[in-house]
file run.txt (compact mmCIF, C-alpha atoms)
# COMPACT_ATOMS: atom_id res chain seq x y z
CA MET A 260 -84.36 7.95 -94.80
CA LYS A 261 -82.09 6.13 -97.24
CA ALA A 262 -82.31 2.34 -97.15
CA GLY A 263 -79.12 0.40 -96.50
CA ARG A 264 -77.95 -2.11 -99.11
CA ASN A 265 -78.82 -5.09 -96.91
CA GLU A 266 -82.07 -3.68 -95.50
CA PRO A 267 -85.52 -4.61 -96.88
CA CYS A 268 -86.33 -2.66 -100.03
CA PRO A 269 -88.85 0.17 -99.42
CA CYS A 270 -90.93 -1.07 -102.39
CA GLY A 271 -92.27 -3.88 -100.20
CA SER A 272 -90.95 -6.75 -102.33
CA GLY A 273 -89.40 -8.46 -99.31
CA LYS A 274 -86.00 -8.50 -101.03
CA LYS A 275 -82.89 -6.70 -99.89
CA TYR A 276 -82.50 -3.19 -101.27
CA LYS A 277 -79.32 -4.19 -103.16
CA GLN A 278 -81.25 -6.98 -104.91
CA CYS A 279 -84.24 -4.86 -105.86
CA CYS A 280 -84.63 -1.12 -106.52
CA ILE A 281 -81.09 0.08 -105.87
CA ASN A 282 -80.31 0.26 -109.59
CA ALA A 283 -83.20 2.66 -110.28
CA THR A 284 -82.16 4.82 -107.33
CA SER A 285 -78.53 4.77 -108.45
CA LYS A 286 -79.55 5.95 -111.91
CA GLN A 287 -81.46 8.85 -110.39
CA HIS A 288 -78.43 9.80 -108.29
CA SER A 289 -76.17 9.47 -111.34
CA ASP A 290 -78.38 11.86 -113.30
CA VAL A 291 -78.20 14.40 -110.48
CA PHE A 292 -74.41 14.08 -110.27
CA ASP A 293 -74.18 14.65 -114.04
CA ASP A 294 -76.19 17.85 -113.62
CA ILE A 295 -73.91 18.99 -110.80
CA ALA A 296 -70.78 18.16 -112.79
CA GLN A 297 -72.08 20.27 -115.67
CA THR A 298 -72.78 23.13 -113.26
CA VAL A 299 -69.26 22.88 -111.81
CA ALA A 300 -67.74 22.88 -115.29
CA MET A 301 -69.59 26.09 -116.07
CA ASN A 302 -68.90 27.62 -112.62
CA PRO A 303 -65.48 26.35 -111.44
CA ASN A 304 -65.23 28.85 -108.57
CA LEU A 305 -68.23 27.57 -106.58
CA THR A 306 -67.58 27.02 -102.87
CA LEU A 307 -68.43 23.73 -101.10
CA GLU A 308 -71.44 25.39 -99.49
CA GLU A 309 -72.63 26.59 -102.89
CA LEU A 310 -72.13 23.10 -104.35
CA ASN A 311 -74.23 21.58 -101.56
CA LEU A 312 -76.95 24.12 -102.29
CA VAL A 313 -76.83 23.25 -106.01
CA ALA A 314 -77.08 19.53 -105.18
CA GLN A 315 -80.11 20.12 -102.98
CA GLN A 316 -81.79 22.20 -105.65
CA ARG A 317 -81.13 19.63 -108.38
CA MET A 318 -82.47 16.78 -106.23
CA ALA A 319 -85.55 18.81 -105.30
CA GLU A 320 -86.15 19.64 -108.95
CA ARG A 321 -86.03 15.98 -109.94
CA ASN A 322 -88.20 14.86 -107.04
CA ASN A 323 -90.86 17.41 -107.99
CA ARG A 324 -90.74 16.89 -111.75
CA PRO A 325 -93.69 14.94 -113.22
CA SER A 326 -92.63 11.56 -114.57
CA ALA A 327 -94.22 9.92 -117.60
CA ASP A 328 -93.44 6.51 -116.09
CA PHE A 329 -95.51 7.49 -113.05
CA CYS A 330 -98.43 8.68 -115.22
CA GLY A 331 -97.61 12.30 -114.41
CA LEU A 332 -96.88 11.91 -110.70
CA THR A 333 -93.67 13.31 -109.29
CA PRO A 334 -91.26 11.07 -107.31
CA THR A 335 -92.28 13.03 -104.18
CA GLN A 336 -95.95 12.27 -104.74
CA MET A 337 -95.26 8.64 -105.52
CA ALA A 338 -93.11 8.24 -102.39
CA ASN A 339 -95.98 9.49 -100.23
CA TRP A 340 -98.43 7.05 -101.79
CA LEU A 341 -96.03 4.14 -101.41
CA TYR A 342 -94.76 4.65 -97.89
CA ALA A 343 -96.98 7.03 -95.89
CA PRO A 344 -99.41 5.65 -93.27
CA LEU A 345 -103.09 5.84 -94.15
CA ASP A 346 -103.68 8.99 -92.11
CA GLU A 347 -100.68 10.77 -93.66
CA LEU A 348 -101.52 10.23 -97.32
CA GLU A 349 -101.53 13.41 -99.41
CA TRP A 350 -103.61 14.23 -102.48
CA LEU A 351 -106.17 11.65 -101.33
CA THR A 352 -109.08 12.03 -98.92
CA ILE A 353 -110.75 8.91 -97.52
CA SER A 354 -114.27 9.33 -96.11
CA THR A 355 -117.04 7.17 -94.69
CA PRO A 356 -120.02 7.38 -97.07
CA GLU A 357 -123.42 8.08 -95.60
CA ASP A 358 -124.83 4.95 -97.27
CA ILE A 359 -122.65 1.83 -97.19
CA SER A 360 -125.43 -0.68 -97.80
CA SER A 361 -123.97 -1.55 -101.22
CA SER A 362 -120.81 -2.95 -99.63
CA PRO A 363 -120.86 -6.74 -99.15
CA VAL A 364 -118.17 -6.51 -96.47
CA MET A 365 -120.10 -3.99 -94.38
CA ARG A 366 -123.43 -5.82 -94.81
CA TYR A 367 -121.83 -9.08 -93.68
CA LEU A 368 -120.28 -7.31 -90.70
CA THR A 369 -123.72 -5.96 -89.79
CA LEU A 370 -125.11 -9.51 -89.74
CA ILE A 371 -122.28 -10.65 -87.47
CA LEU A 372 -122.68 -7.75 -85.05
CA ASP A 373 -126.48 -7.99 -84.94
CA GLU A 374 -126.30 -11.71 -84.17
CA ALA A 375 -123.97 -11.04 -81.26
CA MET A 376 -125.89 -8.02 -79.95
CA GLN A 377 -129.09 -10.06 -79.85
CA ASN A 378 -127.33 -12.63 -77.67
CA ASN A 379 -125.67 -10.45 -75.03
CA GLY A 380 -122.58 -9.74 -77.12
CA SER A 381 -121.62 -13.22 -78.35
CA PHE A 382 -122.73 -16.27 -80.32
CA LYS A 383 -121.50 -19.83 -80.68
CA ALA A 384 -119.03 -20.71 -83.43
CA THR A 385 -119.04 -24.02 -85.29
CA SER A 386 -116.78 -26.87 -84.17
CA LYS A 387 -114.24 -25.66 -86.78
CA GLY A 388 -114.37 -22.13 -85.40
CA ASN A 389 -116.42 -20.71 -88.26
CA LEU A 390 -119.56 -18.59 -88.36
CA PRO A 391 -122.80 -20.55 -87.82
CA ALA A 392 -124.85 -21.84 -90.75
CA LYS A 393 -127.66 -19.38 -90.02
CA LEU A 394 -125.35 -16.41 -90.59
CA VAL A 395 -123.89 -17.99 -93.73
CA LYS A 396 -127.35 -18.37 -95.23
CA GLN A 397 -128.36 -14.81 -94.31
CA ALA A 398 -125.20 -13.50 -95.96
CA GLY A 399 -125.82 -15.54 -99.11
CA ASP A 400 -129.38 -14.24 -99.33
CA LEU A 401 -128.02 -10.68 -99.66
CA LEU A 402 -126.42 -11.34 -103.05
CA PRO A 403 -129.33 -10.01 -105.19
CA GLU A 404 -128.96 -6.63 -103.44
CA PHE A 405 -125.37 -6.13 -104.65
CA SER A 406 -124.36 -4.65 -108.00
CA ILE A 407 -122.16 -7.61 -108.82
CA SER A 408 -125.19 -9.91 -109.11
CA LYS A 409 -126.66 -7.71 -111.84
CA VAL A 410 -123.50 -7.50 -113.95
CA ASN A 411 -121.73 -10.80 -113.38
CA SER A 412 -123.85 -13.79 -114.36
CA ARG A 413 -120.97 -16.24 -113.79
CA LEU A 414 -120.19 -15.62 -110.15
CA SER A 415 -117.97 -18.08 -108.36
CA ILE A 416 -120.02 -19.79 -105.70
CA ASN A 417 -116.98 -19.44 -103.42
CA ASP A 418 -117.04 -15.65 -103.45
CA PHE A 419 -120.51 -14.37 -102.55
CA VAL A 420 -122.46 -17.55 -101.78
CA GLY A 421 -121.46 -20.72 -99.97
CA VAL A 422 -122.80 -23.61 -97.92
CA ASN A 423 -120.47 -22.70 -95.07
CA GLU A 424 -117.93 -20.01 -94.22
CA ASP A 425 -115.05 -22.09 -95.61
CA LYS A 426 -116.67 -21.96 -99.04
CA PHE A 427 -117.83 -18.32 -98.87
CA ASN A 428 -114.73 -16.20 -99.49
CA ALA A 429 -116.20 -12.72 -99.09
CA LEU A 430 -117.85 -13.65 -95.78
CA HIS A 431 -114.71 -15.35 -94.47
CA TYR A 432 -112.69 -12.31 -95.53
CA THR A 433 -115.07 -10.07 -93.58
CA ARG A 434 -114.84 -12.14 -90.43
CA VAL A 435 -111.03 -12.17 -90.60
CA LEU A 436 -110.94 -8.39 -91.13
CA ALA A 437 -113.26 -7.85 -88.16
CA GLU A 438 -110.86 -9.80 -85.96
CA ILE A 439 -107.80 -7.96 -87.29
CA ALA A 440 -109.56 -4.62 -86.74
CA GLY A 441 -110.23 -5.54 -83.12
CA ILE A 442 -114.02 -5.54 -83.44
CA ILE A 443 -114.68 -9.20 -82.62
CA TYR A 444 -112.68 -12.04 -81.13
CA ARG A 445 -113.14 -15.80 -80.62
CA ARG A 446 -112.85 -17.38 -77.17
CA SER A 447 -114.19 -20.58 -75.61
CA GLY A 448 -115.96 -21.59 -78.81
CA CYS A 449 -117.84 -18.31 -79.21
CA TYR A 450 -117.46 -15.07 -81.11
CA HIS A 451 -117.65 -11.95 -78.97
CA ILE A 452 -117.93 -8.24 -79.77
CA LYS A 453 -115.48 -6.19 -77.77
CA LYS A 454 -117.16 -3.91 -75.24
CA ALA A 455 -115.82 -0.77 -76.89
CA ALA A 456 -117.16 -1.97 -80.25
CA GLN A 457 -120.58 -2.64 -78.72
CA ASN A 458 -120.72 0.94 -77.47
CA GLN A 459 -119.63 2.29 -80.84
CA TYR A 460 -122.23 0.21 -82.67
CA GLU A 461 -125.03 1.36 -80.38
CA LYS A 462 -124.08 5.05 -80.75
CA GLN A 463 -122.86 5.31 -84.37
CA GLY A 464 -124.12 2.22 -86.17
CA ILE A 465 -122.16 0.25 -88.75
CA GLN A 466 -120.51 3.43 -90.10
CA ALA A 467 -118.25 3.42 -87.03
CA PHE A 468 -116.37 0.43 -88.42
CA PHE A 469 -115.99 1.40 -92.09
CA LEU A 470 -112.59 3.09 -91.75
CA PRO A 471 -111.15 0.62 -89.19
CA MET A 472 -112.13 -2.29 -91.45
CA LEU A 473 -110.70 -0.50 -94.50
CA LYS A 474 -107.44 0.20 -92.69
CA ALA A 475 -107.18 -3.45 -91.67
CA ALA A 476 -107.78 -4.53 -95.27
CA ILE A 477 -105.12 -2.20 -96.64
CA SER A 478 -102.33 -2.39 -94.10
CA LYS A 479 -102.74 -5.53 -91.97
CA TYR A 480 -104.55 -8.22 -93.94
CA ASN A 481 -102.39 -10.58 -96.04
CA TRP A 482 -103.66 -10.15 -99.61
CA GLY A 483 -102.32 -13.57 -100.56
CA TYR A 484 -104.27 -15.36 -97.81
CA LEU A 485 -106.99 -16.80 -100.04
CA ASP A 486 -104.72 -18.04 -102.81
CA SER A 487 -101.65 -20.23 -103.21
CA TRP A 488 -99.57 -18.29 -105.75
CA GLU A 489 -95.89 -19.19 -105.55
CA ASN A 490 -95.01 -15.70 -106.80
CA ASP A 491 -95.67 -13.72 -103.63
CA VAL A 492 -95.55 -10.00 -104.45
CA ASP A 493 -96.94 -7.67 -101.80
CA LEU A 494 -99.26 -5.42 -103.80
CA ARG A 495 -100.43 -3.47 -100.73
CA THR A 496 -97.52 -1.04 -101.20
CA PHE A 497 -99.00 0.09 -104.52
CA TRP A 498 -102.71 0.20 -103.65
CA VAL A 499 -103.13 4.00 -103.82
CA PHE A 500 -101.44 4.25 -107.22
CA MET A 501 -103.48 1.31 -108.57
CA LEU A 502 -106.72 2.77 -107.24
CA TRP A 503 -105.93 6.18 -108.77
CA ARG A 504 -105.23 4.63 -112.16
CA LEU A 505 -108.30 2.40 -112.16
CA GLN A 506 -110.53 5.26 -111.04
CA SER A 507 -109.08 7.35 -113.87
CA HIS A 508 -109.79 5.01 -116.79
CA GLY A 509 -111.58 1.87 -115.55
CA SER A 510 -109.47 -0.38 -117.79
CA ILE A 511 -108.00 -3.49 -116.18
CA ASP A 512 -105.57 -3.94 -119.09
CA GLN A 513 -104.38 -0.34 -118.83
CA LEU A 514 -103.96 -0.73 -115.07
CA ILE A 515 -101.60 -3.65 -115.60
CA ASP A 516 -99.59 -1.61 -118.11
CA ASP A 517 -99.47 1.39 -115.75
CA VAL A 518 -98.13 -0.73 -112.88
CA ALA A 519 -95.57 -2.52 -115.04
CA LYS A 520 -94.29 0.77 -116.43
CA ALA A 521 -94.10 2.50 -113.05
CA PHE A 522 -92.59 -0.48 -111.20
CA PRO A 523 -90.67 -2.63 -113.71
CA ASP A 524 -88.82 -4.36 -110.87
CA LEU A 525 -92.05 -6.17 -110.03
CA LEU A 526 -91.74 -8.19 -113.24
CA SER A 527 -88.29 -9.43 -112.23
CA GLN A 528 -89.82 -10.87 -109.05
CA LEU A 529 -92.20 -13.07 -111.07
CA THR A 530 -90.85 -16.26 -112.61
CA PRO A 531 -92.36 -16.94 -116.05
CA ASP A 532 -93.03 -20.47 -117.27
CA GLU A 533 -94.30 -22.16 -120.40
CA HIS A 534 -97.85 -21.04 -119.63
CA PHE A 535 -97.53 -17.51 -118.25
CA SER A 536 -95.22 -14.60 -118.95
CA SER A 537 -94.14 -12.23 -116.16
CA ILE A 538 -96.64 -9.58 -117.27
CA ARG A 539 -99.42 -12.21 -117.31
CA LEU A 540 -98.50 -13.33 -113.80
CA LEU A 541 -98.58 -9.72 -112.62
CA SER A 542 -102.00 -9.35 -114.24
CA LEU A 543 -103.35 -12.43 -112.47
CA LEU A 544 -102.10 -11.20 -109.10
CA ILE A 545 -103.57 -7.71 -109.53
CA GLU A 546 -106.89 -9.04 -110.79
CA SER A 547 -107.32 -11.60 -108.02
CA ARG A 548 -105.81 -9.80 -105.01
CA PHE A 549 -106.55 -6.15 -105.72
CA ILE A 550 -109.62 -6.05 -107.95
CA GLU A 551 -111.61 -9.16 -107.08
CA ARG A 552 -110.72 -9.80 -103.43
CA PHE A 553 -110.41 -6.19 -102.32
CA LEU A 554 -112.31 -3.71 -104.47
CA GLN A 555 -115.06 -6.13 -105.47
CA PHE A 556 -115.54 -7.62 -101.99
CA TRP A 557 -116.00 -4.07 -100.68
CA GLY A 558 -118.41 -3.09 -103.46
CA PHE A 559 -116.10 -0.44 -104.91
CA VAL A 560 -116.04 -1.93 -108.41
CA VAL A 561 -117.59 -4.69 -110.47
CA ALA A 562 -115.03 -6.38 -112.69
CA ASP A 563 -115.74 -7.78 -116.14
CA PRO A 564 -116.19 -11.52 -115.47
CA ARG A 565 -114.55 -12.60 -118.73
CA LYS A 566 -111.09 -14.09 -118.46
CA ASN A 567 -108.14 -13.91 -120.82
CA PHE A 568 -106.92 -17.17 -122.28
CA ALA A 569 -103.77 -17.96 -124.25
CA LYS A 570 -105.41 -17.76 -127.68
CA GLU A 571 -107.95 -15.07 -126.90
CA HIS A 572 -107.35 -11.65 -125.40
CA VAL A 573 -110.36 -9.88 -123.97
CA LEU A 574 -110.22 -6.18 -123.17
CA ARG A 575 -111.58 -6.04 -119.65
CA ARG A 576 -112.97 -3.14 -117.66
CA ALA A 577 -113.97 -2.51 -114.08
CA SER A 578 -117.25 -0.71 -113.51
CA ILE A 579 -116.57 2.00 -110.92
CA GLN A 580 -119.34 2.02 -108.30
CA PRO A 581 -120.67 5.14 -106.49
CA LEU A 582 -119.33 3.77 -103.20
CA LEU A 583 -115.76 4.11 -104.47
CA MET A 584 -116.27 7.71 -105.57
CA HIS A 585 -117.87 8.57 -102.22
CA THR A 586 -114.99 6.96 -100.29
CA PHE A 587 -111.86 8.02 -102.18
CA HIS A 588 -111.38 11.55 -103.50
CA PHE A 589 -108.14 12.29 -105.38
CA THR A 590 -106.96 15.85 -105.83
CA ILE A 591 -104.34 14.81 -108.40
CA LYS A 592 -105.85 14.78 -111.85
CA ASP A 593 -105.02 12.27 -114.57
CA ARG A 594 -102.38 13.58 -116.99
call {"tool": "encode", "arguments": {"input": "run.txt", "output": "structure tokens"}}
result
Amino acid sequence: MKAGRNEPCPCGSGKKYKQCCINATSKQHSDVFDDIAQTVAMNPNLTLEELNLVAQQRMAERNNRPSADFCGLTPTQMANWLYAPLDELEWLTISTPEDISSSPVMRYLTLILDEAMQNNGSFKATSKGNLPAKLVKQAGDLLPEFSISKVNSRLSINDFVGVNEDKFNALHYTRVLAEIAGIIYRRSGCYHIKKAAQNQYEKQGIQAFFLPMLKAAISKYNWGYLDSWENDVDLRTFWVFMLWRLQSHGSIDQLIDDVAKAFPDLLSQLTPDEHFSSIRLLSLLIESRFIERFLQFWGFVVADPRKNFAKEHVLRRASIQPLLMHTFHFTIKDR
């Protein structure tokens, strides 16, 4: 369905269509009209019905023609990855791996569920509504079992270890996801597992919640929740494309270039200043929201801990973990 000029842009920027991607769409339409005009000039006796058929064919040809800007994807393929619901994505299969013990998110969820199951389905929250100190310590003690502890020697204490939930980002993220996914809820100062979730856990184990948690992370959780960036770009729209590119080459720098080339309108949404250019701001958002606080929290990748500074550029890579390959299988090859 075509977006109206004053409707939200389908790219997910939050802007009106006329203030965002309409120019790119108009150029595509203009190119098609030029093709039709050339056809009419060569075949002046075409009927209206024949012209409509030519227009449909030309549009279909363009929509199914690989684009260098999209790293070889066609507009049709890109549209599916941008706008289709999780269960309607094409050229990508998402599965629950047999072994998810390498995922911090799923290990933390296991601790939460076990604590509740051992206490008739609930446990007391702190006065601030957070997870109890016992659970926080148990979660922190798991760090040596995760790949990130072996590669990243400069871990932020706020990501995978903390004295309480407020200072333990990956654990807090997990608890929030579990609530969004409808697995747990807080009432009367306690955290409870929903009855349906208790039954699922008893019958299927922690695997039962892998896909619901993943869906919550991708489509419902606010990726900007744990930061205070003024430039609020919703990267969730582009997660499949970004994952495909990163899985293809593992280069964080190349990923930024791929996104900027495919979606140049994103750069116009970021306001540069004396410290950061638009491309640098885009890089910071992708690194923090997509790589570190999504892929890394889940155990899908381990990112190079080195940071880029104004006078020093470091080529950074993301180490693709087996869990990612066992979860996401693309049938579109890199071109």
call {"tool": "residues_around", "arguments": {"input": "run.txt", "residues": "Asp516 (chain A)", "least_positions_apart": "3", "cutoff": "12 Å", "atoms": "all atoms listed in the file", "output": "list in words"}}
result
Asp328, Phe329, Cys330, Met501, Arg504, Leu505, Ser510, Ile511, Asp512, Gln513, Ala519, Lys520, Ala521, Phe522, Pro523, Leu525, Leu526, Ile538, Arg539, Leu541, Ser542 and Ile545 of chain A
call {"tool": "atom_distance", "arguments": {"input": "run.txt", "atom1": "CA of Gly448 (chain A)", "atom2": "CA of Leu430 (chain A)"}}
result
18.8 Å
call {"tool": "closest_atom_pairs", "arguments": {"input": "run.txt", "of": "region 475-573 of chain A", "to": "region 343-353 of chain A", "cutoff": "12 Å", "atoms": "all atoms listed in the file", "output": "CSV"}}
result
residue,atom,partner,partner_atom,distance
A:Ala475,CA,A:Leu345,CA,10.4
A:Ala476,CA,A:Leu345,CA,11.4
A:Ile477,CA,A:Leu345,CA,8.7
A:Ser478,CA,A:Leu345,CA,8.3
A:Lys479,CA,A:Leu345,CA,11.6
A:Arg495,CA,A:Leu345,CA,11.7
A:Thr496,CA,A:Ala343,CA,9.7
A:Phe497,CA,A:Ala343,CA,11.3
A:Trp498,CA,A:Leu345,CA,11.1
A:Val499,CA,A:Leu351,CA,8.6
A:Phe500,CA,A:Leu351,CA,10.6
A:Leu502,CA,A:Leu351,CA,10.7
A:Trp503,CA,A:Leu351,CA,9.2
call {"tool": "write_last_selection", "arguments": {"input": "run.txt", "atoms": "C-alpha atoms", "output": "JSON list (two decimals), keeping the file's coordinate frame"}}
result
[["chain", "number", "residue", "atom", "x", "y", "z"],
["A", 475, "ALA", "CA", -107.18, -3.45, -91.67],
["A", 476, "ALA", "CA", -107.78, -4.53, -95.27],
["A", 477, "ILE", "CA", -105.12, -2.20, -96.64],
["A", 478, "SER", "CA", -102.33, -2.39, -94.10],
["A", 479, "LYS", "CA", -102.74, -5.53, -91.97],
["A", 495, "ARG", "CA", -100.43, -3.47, -100.73],
["A", 496, "THR", "CA", -97.52, -1.04, -101.20],
["A", 497, "PHE", "CA", -99.00, 0.09, -104.52],
["A", 498, "TRP", "CA", -102.71, 0.20, -103.65],
["A", 499, "VAL", "CA", -103.13, 4.00, -103.82],
["A", 500, "PHE", "CA", -101.44, 4.25, -107.22],
["A", 502, "LEU", "CA", -106.72, 2.77, -107.24],
["A", 503, "TRP", "CA", -105.93, 6.18, -108.77]]
call {"tool": "atom_distance", "arguments": {"input": "run.txt", "atom1": "CA of Gln466 (chain A)", "atom2": "CA of Asp493 (chain A)"}}
result
28.6 Å
call {"tool": "atom_distance", "arguments": {"input": "run.txt", "atom1": "CA of Ala384 (chain A)", "atom2": "CA of Cys449 (chain A)"}}
result
5.0 Å
call {"tool": "closest_residue", "arguments": {"input": "run.txt", "among": "A:Ser547, A:Ser354, A:Ser537, A:Ser326", "to": "Pro564 (chain A)", "atoms": "all atoms listed in the file"}}
result
A:Ser547
call {"tool": "residues_around", "arguments": {"input": "run.txt", "residues": "region 483-492 of chain A", "least_positions_apart": "3", "cutoff": "9 Å", "atoms": "all atoms listed in the file", "output": "PyMOL selection string"}}
result
chain A and resi 271-273+428+432+480+495+525+528-530+540-541+544+547-548+552
call {"tool": "write_last_selection", "arguments": {"input": "run.txt", "atoms": "C-alpha atoms", "output": "compact mmCIF listing (two decimals), in the frame of the given file"}}
result
# COMPACT_ATOMS: atom_id res chain seq x y z
CA GLY A 271 -92.27 -3.88 -100.20
CA SER A 272 -90.95 -6.75 -102.33
CA GLY A 273 -89.40 -8.46 -99.31
CA ASN A 428 -114.73 -16.20 -99.49
CA TYR A 432 -112.69 -12.31 -95.53
CA TYR A 480 -104.55 -8.22 -93.94
CA ARG A 495 -100.43 -3.47 -100.73
CA LEU A 525 -92.05 -6.17 -110.03
CA GLN A 528 -89.82 -10.87 -109.05
CA LEU A 529 -92.20 -13.07 -111.07
CA THR A 530 -90.85 -16.26 -112.61
CA LEU A 540 -98.50 -13.33 -113.80
CA LEU A 541 -98.58 -9.72 -112.62
CA LEU A 544 -102.10 -11.20 -109.10
CA SER A 547 -107.32 -11.60 -108.02
CA ARG A 548 -105.81 -9.80 -105.01
CA ARG A 552 -110.72 -9.80 -103.43
call {"tool": "closest_residue", "arguments": {"input": "run.txt", "among": "A:Leu574, A:Ile371, A:Ala392, A:Ile452", "to": "Gly421 (chain A)", "atoms": "only C-alpha atoms"}}
result
A:Ala392
call {"tool": "residues_around", "arguments": {"input": "run.txt", "residues": "Asn417 (chain A)", "least_positions_apart": "6", "cutoff": "9 Å", "atoms": "only C-alpha atoms", "output": "ChimeraX atom specification"}}
result
/A:425-429
call {"tool": "build_atoms", "arguments": {"input": "run.txt", "residues": "region 374-381 of chain A", "atoms": "all heavy atoms", "output": "PDB file, in the frame of the given file"}}
result
ATOM      1  N   GLU A 374    -126.134 -10.400 -84.791  1.00  0.00           N
ATOM      2  CA  GLU A 374    -126.300 -11.710 -84.170  1.00  0.00           C
ATOM      3  C   GLU A 374    -125.726 -11.712 -82.750  1.00  0.00           C
ATOM      4  O   GLU A 374    -126.340 -12.240 -81.823  1.00  0.00           O
ATOM      5  CB  GLU A 374    -125.606 -12.781 -85.021  1.00  0.00           C
ATOM      6  CG  GLU A 374    -125.683 -14.195 -84.468  1.00  0.00           C
ATOM      7  CD  GLU A 374    -127.090 -14.768 -84.485  1.00  0.00           C
ATOM      8  OE1 GLU A 374    -127.967 -14.212 -85.186  1.00  0.00           O
ATOM      9  OE2 GLU A 374    -127.316 -15.770 -83.777  1.00  0.00           O
ATOM     10  N   ALA A 375    -124.574 -11.089 -82.590  1.00  0.00           N
ATOM     11  CA  ALA A 375    -123.970 -11.040 -81.260  1.00  0.00           C
ATOM     12  C   ALA A 375    -124.752 -10.135 -80.312  1.00  0.00           C
ATOM     13  O   ALA A 375    -124.985 -10.492 -79.143  1.00  0.00           O
ATOM     14  CB  ALA A 375    -122.517 -10.555 -81.373  1.00  0.00           C
ATOM     15  N   MET A 376    -125.174  -8.982 -80.803  1.00  0.00           N
ATOM     16  CA  MET A 376    -125.890  -8.020 -79.950  1.00  0.00           C
ATOM     17  C   MET A 376    -127.211  -8.595 -79.451  1.00  0.00           C
ATOM     18  O   MET A 376    -127.669  -8.271 -78.352  1.00  0.00           O
ATOM     19  CB  MET A 376    -126.119  -6.722 -80.710  1.00  0.00           C
ATOM     20  CG  MET A 376    -124.841  -5.973 -81.070  1.00  0.00           C
ATOM     21  SD  MET A 376    -123.933  -5.354 -79.635  1.00  0.00           S
ATOM     22  CE  MET A 376    -124.908  -3.907 -79.206  1.00  0.00           C
ATOM     23  N   GLN A 377    -127.830  -9.453 -80.260  1.00  0.00           N
ATOM     24  CA  GLN A 377    -129.090 -10.060 -79.850  1.00  0.00           C
ATOM     25  C   GLN A 377    -128.902 -11.174 -78.829  1.00  0.00           C
ATOM     26  O   GLN A 377    -129.864 -11.687 -78.273  1.00  0.00           O
ATOM     27  CB  GLN A 377    -129.813 -10.615 -81.087  1.00  0.00           C
ATOM     28  CG  GLN A 377    -130.297  -9.536 -82.049  1.00  0.00           C
ATOM     29  CD  GLN A 377    -130.719 -10.089 -83.398  1.00  0.00           C
ATOM     30  OE1 GLN A 377    -130.855 -11.305 -83.569  1.00  0.00           O
ATOM     31  NE2 GLN A 377    -130.923  -9.208 -84.368  1.00  0.00           N
ATOM     32  N   ASN A 378    -127.622 -11.542 -78.610  1.00  0.00           N
ATOM     33  CA  ASN A 378    -127.330 -12.630 -77.670  1.00  0.00           C
ATOM     34  C   ASN A 378    -126.288 -12.187 -76.628  1.00  0.00           C
ATOM     35  O   ASN A 378    -125.332 -12.904 -76.357  1.00  0.00           O
ATOM     36  CB  ASN A 378    -126.818 -13.853 -78.438  1.00  0.00           C
ATOM     37  CG  ASN A 378    -127.885 -14.468 -79.327  1.00  0.00           C
ATOM     38  OD1 ASN A 378    -128.723 -15.239 -78.883  1.00  0.00           O
ATOM     39  ND2 ASN A 378    -127.844 -14.122 -80.609  1.00  0.00           N
ATOM     40  N   ASN A 379    -126.519 -10.979 -76.104  1.00  0.00           N
ATOM     41  CA  ASN A 379    -125.670 -10.450 -75.030  1.00  0.00           C
ATOM     42  C   ASN A 379    -124.196 -10.329 -75.424  1.00  0.00           C
ATOM     43  O   ASN A 379    -123.298 -10.520 -74.597  1.00  0.00           O
ATOM     44  CB  ASN A 379    -125.802 -11.311 -73.770  1.00  0.00           C
ATOM     45  CG  ASN A 379    -127.214 -11.300 -73.214  1.00  0.00           C
ATOM     46  OD1 ASN A 379    -127.847 -10.240 -73.140  1.00  0.00           O
ATOM     47  ND2 ASN A 379    -127.720 -12.469 -72.847  1.00  0.00           N
ATOM     48  N   GLY A 380    -123.947 -10.039 -76.697  1.00  0.00           N
ATOM     49  CA  GLY A 380    -122.580  -9.740 -77.120  1.00  0.00           C
ATOM     50  C   GLY A 380    -121.781 -10.893 -77.668  1.00  0.00           C
ATOM     51  O   GLY A 380    -120.592 -10.731 -77.966  1.00  0.00           O
ATOM     52  N   SER A 381    -122.383 -12.079 -77.828  1.00  0.00           N
ATOM     53  CA  SER A 381    -121.620 -13.220 -78.350  1.00  0.00           C
ATOM     54  C   SER A 381    -122.560 -14.237 -78.986  1.00  0.00           C
ATOM     55  O   SER A 381    -123.771 -14.201 -78.776  1.00  0.00           O
ATOM     56  CB  SER A 381    -120.810 -13.883 -77.251  1.00  0.00           C
ATOM     57  OG  SER A 381    -121.666 -14.507 -76.308  1.00  0.00           O
TER      58      SER A 381
END
